[in-house]
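Undergrad: Sharing work17.txt here; it has compact mmCIF, C-alpha atoms.
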```txt
# COMPACT_ATOMS: atom_id res chain seq x y z
CA MET A 1 -70.49 -15.11 -2.94
CA LYS A 2 -70.84 -12.79 0.05
CA THR A 3 -67.54 -11.14 -0.89
CA LEU A 4 -68.82 -10.53 -4.43
CA PHE A 5 -71.91 -8.76 -3.11
CA THR A 6 -69.80 -6.68 -0.75
CA VAL A 7 -67.52 -5.60 -3.62
CA LEU A 8 -70.51 -4.74 -5.80
CA ALA A 9 -72.15 -2.74 -3.02
CA LEU A 10 -68.95 -0.78 -2.36
CA SER A 11 -68.48 -0.14 -6.08
CA LEU A 12 -72.01 1.18 -6.43
CA SER A 13 -71.63 3.45 -3.43
CA ALA A 14 -68.38 4.81 -4.87
CA ILE A 15 -70.11 5.57 -8.17
CA VAL A 16 -73.01 7.29 -6.44
CA SER A 17 -70.70 9.40 -4.28
CA ALA A 18 -68.55 10.29 -7.32
CA ASN A 19 -71.66 11.55 -9.13
CA ALA A 20 -72.81 13.54 -6.11
CA ALA A 21 -69.50 15.43 -5.95
CA VAL A 22 -69.87 17.05 -9.39
CA VAL A 23 -71.38 20.55 -9.46
CA VAL A 24 -72.28 23.04 -12.18
CA ILE A 25 -70.49 26.33 -11.70
CA GLY A 26 -71.02 29.84 -12.99
CA ASN A 27 -69.50 33.26 -12.58
CA THR A 28 -69.91 34.69 -9.06
CA ALA A 29 -72.70 36.93 -10.42
CA SER A 30 -74.65 33.98 -11.88
CA GLY A 31 -78.06 32.89 -10.67
CA ASP A 32 -79.03 29.29 -9.94
CA MET A 33 -79.77 26.86 -12.77
CA SER A 34 -82.29 24.03 -13.00
CA ALA A 35 -81.26 20.50 -13.94
CA SER A 36 -83.37 20.78 -17.09
CA ASP A 37 -81.66 24.01 -18.16
CA ALA A 38 -78.24 22.47 -17.47
CA LYS A 39 -79.05 19.43 -19.61
CA LYS A 40 -80.21 21.67 -22.45
CA ALA A 41 -77.13 23.90 -22.19
CA PHE A 42 -74.65 21.02 -22.21
CA LEU A 43 -76.41 19.44 -25.21
CA GLY A 44 -76.44 22.68 -27.18
CA LYS A 45 -80.19 23.19 -26.92
CA GLY A 46 -80.35 25.91 -24.29
CA ASP A 47 -80.04 29.67 -24.23
CA SER A 48 -77.56 30.63 -26.95
CA SER A 49 -76.09 33.42 -24.80
CA VAL A 50 -74.72 30.85 -22.34
CA VAL A 51 -71.08 29.91 -22.95
CA VAL A 52 -70.54 26.26 -22.04
CA TYR A 53 -67.21 24.69 -21.11
CA GLU A 54 -66.48 20.96 -20.87
CA LEU A 55 -63.59 19.04 -19.40
CA GLU A 56 -61.60 17.03 -21.92
CA GLU A 57 -62.68 13.54 -23.02
CA GLY A 58 -61.47 10.80 -20.71
CA ASN A 59 -61.82 12.91 -17.58
CA ALA A 60 -63.66 11.02 -14.80
CA THR A 61 -65.45 14.18 -13.65
CA ARG A 62 -66.77 14.68 -17.19
CA SER A 63 -68.14 11.12 -17.26
CA ALA A 64 -69.76 11.50 -13.84
CA PHE A 65 -71.28 14.84 -14.80
CA HIS A 66 -72.84 13.60 -18.02
CA GLN A 67 -74.21 10.47 -16.40
CA ALA A 68 -75.87 12.62 -13.73
CA VAL A 69 -77.06 15.57 -15.87
CA THR A 70 -77.45 14.57 -19.53
CA GLY A 71 -77.89 10.85 -19.00
CA LYS A 72 -75.29 10.10 -21.66
CA SER A 73 -72.19 7.93 -21.51
CA ASP A 74 -68.93 9.10 -23.08
CA ALA A 75 -69.67 7.08 -26.23
CA GLN A 76 -73.24 8.39 -26.48
CA LEU A 77 -72.04 11.96 -26.01
CA LYS A 78 -69.41 11.58 -28.72
CA ALA A 79 -72.01 10.11 -31.11
CA PHE A 80 -74.47 12.89 -30.24
CA TRP A 81 -71.98 15.66 -31.05
CA SER A 82 -70.77 13.90 -34.21
CA LYS A 83 -74.35 13.86 -35.47
CA GLN A 84 -74.93 17.50 -34.48
CA VAL A 85 -71.80 18.62 -36.35
CA PHE A 86 -72.52 16.43 -39.40
CA THR A 87 -76.08 17.73 -39.75
CA GLY A 88 -75.06 21.34 -39.11
CA LYS A 89 -77.19 21.59 -35.96
CA GLY A 90 -74.42 22.55 -33.57
CA ASN A 91 -70.89 22.24 -32.32
CA PRO A 92 -69.67 20.79 -29.05
CA PRO A 93 -68.69 23.14 -26.23
CA ALA A 94 -65.11 24.33 -25.87
CA THR A 95 -62.99 22.06 -23.71
CA VAL A 96 -60.57 22.87 -20.92
CA PRO A 97 -57.91 20.51 -19.55
CA SER A 98 -58.45 20.83 -15.79
CA ALA A 99 -60.61 22.10 -12.94
CA ALA A 100 -58.28 25.10 -12.57
CA ALA A 101 -58.71 26.00 -16.25
CA MET A 102 -62.48 25.51 -15.91
CA LYS A 103 -62.66 27.89 -12.95
CA SER A 104 -60.57 30.47 -14.80
CA ALA A 105 -62.72 30.28 -17.95
CA VAL A 106 -66.01 30.47 -16.04
CA ALA A 107 -64.83 33.22 -13.65
CA SER A 108 -63.79 35.45 -16.55
CA ASN A 109 -67.17 35.39 -18.34
CA PRO A 110 -70.49 36.23 -16.63
CA ASN A 111 -72.35 34.10 -19.20
CA ALA A 112 -70.17 31.00 -18.80
CA ILE A 113 -70.97 27.72 -17.09
CA GLY A 114 -69.01 24.55 -16.54
CA TYR A 115 -68.65 21.76 -14.01
CA ILE A 116 -66.03 20.56 -11.58
CA ASP A 117 -65.73 18.34 -8.55
CA GLU A 118 -67.31 20.09 -5.57
CA ALA A 119 -64.01 19.82 -3.68
CA ASP A 120 -62.40 22.15 -6.26
CA VAL A 121 -64.90 25.00 -5.76
CA ASP A 122 -63.43 28.22 -4.41
CA ALA A 123 -64.43 31.89 -4.17
CA THR A 124 -63.72 32.57 -7.87
CA VAL A 125 -66.86 30.69 -9.00
CA LYS A 126 -70.37 29.98 -7.73
CA VAL A 127 -72.14 26.63 -7.51
CA ILE A 128 -75.34 27.08 -9.52
CA LEU A 129 -76.51 23.45 -9.52
CA LYS A 130 -75.84 20.32 -7.49
CA PRO A 131 -77.17 17.48 -9.67
```
Can you dump the structure from the file as structure tokens?
TA:
Amino acid sequence: MKTLFTVLALSLSAIVSANAAVVVIGNTASGDMSASDAKKAFLGKGDSSVVVYELEEGNATRSAFHQAVTGKSDAQLKAFWSKQVFTGKGNPPATVPSAAAMKSAVASNPNAIGYIDEADVDATVKVILKP
């Protein structure tokens, strides 16, 4: 029984640390962003001038990001965007396959935002939110 609790505690700490490592990035000229504004942007309800990029479905960083920022699981996010598209209220953000592609897309557009693992941040992008 003690081993079970130890495993659960370690699993929970790994999940928490995985969530803490995800950051929202913007172009180097971008200002900071609030958690509320990030949630709105990634759910298609924010400023329409902001260009949002997502990592592809199945990416662990994507799952961690949405749990921390939008409060949605992968299945909930997919259902949300299916409903938005079906009702004509919006389309999901463009997707990129990797952190490198995310940095490239965000760095090339001053209005773009995305998210990556904090360990992947370099001088080409700016951290605008640490959820």
Undergrad: Determine, using all atoms listed in the file, which residues of region 24-53 of chain A have any atom at most 10 Å from an atom of region 82-92 of chain A, and tabulate each with its shortest atom pair and distance in Å to one decimal place, rows ordered by chain and then rising number, as a tab-separated table.
TA:
```
residue	atom	partner	partner_atom	distance
A:Phe42	CA	A:Pro92	CA	8.5
A:Leu43	CA	A:Pro92	CA	7.9
A:Gly44	CA	A:Gly90	CA	6.7
A:Lys45	CA	A:Gly90	CA	8.8
A:Val52	CA	A:Pro92	CA	8.9
A:Tyr53	CA	A:Pro92	CA	9.2
```
Undergrad: Please measure the separation of CA of Ala79 (chain A) and CA of Val51 (chain A), giving the value in Å to one decimal.
TA: 21.4 Å
Undergrad: Once 4 Å is added on each side, what are the centre and the three edge lengths, in Å to one decimal, of the axis-aligned box enclosing the listed atoms of region 121-131 of chain A? Present them as lines of an AutoDock Vina configuration file.
TA:
```
center_x = -70.3
center_y = 25.0
center_z = -6.9
size_x = 21.7
size_y = 23.1
size_z = 13.5
```
Undergrad: Nearest residue to Ala29 (chain A) out of A:Val121, A:Leu129, A:Ala107, A:Val96, using all atoms listed in the file?
TA: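 Once distances to Ala29 (chain A) are computed over all atoms listed in the file, the minimum belongs to A:Ala107.
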Undergrad: Please compute the CA of Ala105 (chain A)-CA of Gln67 (chain A) distance, one decimal, in Å.
TA: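 Computed distance, CA of Ala105 (chain A) to CA of Gln67 (chain A), equals 23.0 Å.
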Undergrad: Got a sec: who's within 8 Å of Asp37 (chain A), counting only C-alpha atoms, leaving out chain neighbours fewer than 4 positions off, as a list in words?
TA: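 Contacts, in chain order: Met33, Ala41 and Gly46 of chain A.
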Undergrad: Between A:Thr28, A:Gln76, A:Asn109, A:Thr124, which one has atoms that come closest to Ser63 (chain A), using all atoms listed in the file?
TA: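 Using all atoms listed in the file, Ser63 (chain A) sits closest to A:Gln76.
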Undergrad: With distances taken over only C-alpha atoms, which residue among A:Pro93, A:Ser104, A:Ile128, A:Pro110 lies nearest Leu55 (chain A)?
TA: A:Pro93
Undergrad: Considering only C-alpha atoms, can you say which of A:Ala94, A:Ala99, A:Ile113, A:Ala68 comes closest to Asp32 (chain A)?
TA: A:Ile113
Undergrad: N, CA and C atoms are what I want for region 42-65 of chain A; can you complete it accordingly and write them as an mmCIF file, in the frame of the given file?
TA:
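Contents of part_16.cif, as written:
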```cif
data_model
loop_
_atom_site.group_PDB
_atom_site.id
_atom_site.type_symbol
_atom_site.label_atom_id
_atom_site.label_comp_id
_atom_site.auth_asym_id
_atom_site.auth_seq_id
_atom_site.Cartn_x
_atom_site.Cartn_y
_atom_site.Cartn_z
ATOM 1 N N PHE A 42 -75.779 21.888 -21.908
ATOM 2 C CA PHE A 42 -74.650 21.020 -22.210
ATOM 3 C C PHE A 42 -74.885 20.130 -23.436
ATOM 4 N N LEU A 43 -76.121 20.144 -23.959
ATOM 5 C CA LEU A 43 -76.410 19.440 -25.210
ATOM 6 C C LEU A 43 -76.680 20.417 -26.352
ATOM 7 N N GLY A 44 -76.334 21.682 -26.121
ATOM 8 C CA GLY A 44 -76.440 22.680 -27.180
ATOM 9 C C GLY A 44 -77.845 23.094 -27.537
ATOM 10 N N LYS A 45 -78.789 22.890 -26.636
ATOM 11 C CA LYS A 45 -80.190 23.190 -26.920
ATOM 12 C C LYS A 45 -80.743 24.305 -26.036
ATOM 13 N N GLY A 46 -79.901 24.890 -25.232
ATOM 14 C CA GLY A 46 -80.350 25.910 -24.290
ATOM 15 C C GLY A 46 -80.184 27.308 -24.832
ATOM 16 N N ASP A 47 -80.205 28.257 -23.931
ATOM 17 C CA ASP A 47 -80.040 29.670 -24.230
ATOM 18 C C ASP A 47 -78.706 29.883 -24.960
ATOM 19 N N SER A 48 -78.770 30.475 -26.141
ATOM 20 C CA SER A 48 -77.560 30.630 -26.950
ATOM 21 C C SER A 48 -76.575 31.646 -26.375
ATOM 22 N N SER A 49 -77.017 32.445 -25.403
ATOM 23 C CA SER A 49 -76.090 33.420 -24.800
ATOM 24 C C SER A 49 -75.196 32.770 -23.739
ATOM 25 N N VAL A 50 -75.518 31.548 -23.342
ATOM 26 C CA VAL A 50 -74.720 30.850 -22.340
ATOM 27 C C VAL A 50 -73.510 30.206 -23.004
ATOM 28 N N VAL A 51 -72.336 30.480 -22.458
ATOM 29 C CA VAL A 51 -71.080 29.910 -22.950
ATOM 30 C C VAL A 51 -70.775 28.687 -22.102
ATOM 31 N N VAL A 52 -70.705 27.520 -22.749
ATOM 32 C CA VAL A 52 -70.540 26.260 -22.040
ATOM 33 C C VAL A 52 -69.116 25.744 -22.202
ATOM 34 N N TYR A 53 -68.537 25.309 -21.096
ATOM 35 C CA TYR A 53 -67.210 24.690 -21.110
ATOM 36 C C TYR A 53 -67.306 23.257 -20.604
ATOM 37 N N GLU A 54 -66.549 22.377 -21.244
ATOM 38 C CA GLU A 54 -66.480 20.960 -20.870
ATOM 39 C C GLU A 54 -65.054 20.622 -20.470
ATOM 40 N N LEU A 55 -64.913 19.619 -19.632
ATOM 41 C CA LEU A 55 -63.590 19.040 -19.400
ATOM 42 C C LEU A 55 -63.274 18.131 -20.577
ATOM 43 N N GLU A 56 -62.015 17.843 -20.784
ATOM 44 C CA GLU A 56 -61.600 17.030 -21.920
ATOM 45 C C GLU A 56 -62.124 15.598 -21.812
ATOM 46 N N GLU A 57 -62.262 14.949 -22.978
ATOM 47 C CA GLU A 57 -62.680 13.540 -23.020
ATOM 48 C C GLU A 57 -61.729 12.703 -22.181
ATOM 49 N N GLY A 58 -62.272 11.687 -21.537
ATOM 50 C CA GLY A 58 -61.470 10.800 -20.710
ATOM 51 C C GLY A 58 -61.368 11.225 -19.264
ATOM 52 N N ASN A 59 -61.851 12.416 -18.945
ATOM 53 C CA ASN A 59 -61.820 12.910 -17.580
ATOM 54 C C ASN A 59 -62.957 12.261 -16.782
ATOM 55 N N ALA A 60 -62.659 11.715 -15.617
ATOM 56 C CA ALA A 60 -63.660 11.020 -14.800
ATOM 57 C C ALA A 60 -64.771 11.967 -14.342
ATOM 58 N N THR A 61 -64.435 13.216 -14.067
ATOM 59 C CA THR A 61 -65.450 14.180 -13.650
ATOM 60 C C THR A 61 -66.419 14.443 -14.797
ATOM 61 N N ARG A 62 -65.915 14.493 -16.011
ATOM 62 C CA ARG A 62 -66.770 14.680 -17.190
ATOM 63 C C ARG A 62 -67.759 13.522 -17.309
ATOM 64 N N SER A 63 -67.270 12.306 -17.167
ATOM 65 C CA SER A 63 -68.140 11.120 -17.260
ATOM 66 C C SER A 63 -69.211 11.149 -16.185
ATOM 67 N N ALA A 64 -68.814 11.448 -14.951
ATOM 68 C CA ALA A 64 -69.760 11.500 -13.840
ATOM 69 C C ALA A 64 -70.805 12.591 -14.059
ATOM 70 N N PHE A 65 -70.362 13.734 -14.542
ATOM 71 C CA PHE A 65 -71.280 14.840 -14.800
ATOM 72 C C PHE A 65 -72.322 14.452 -15.834
#
```
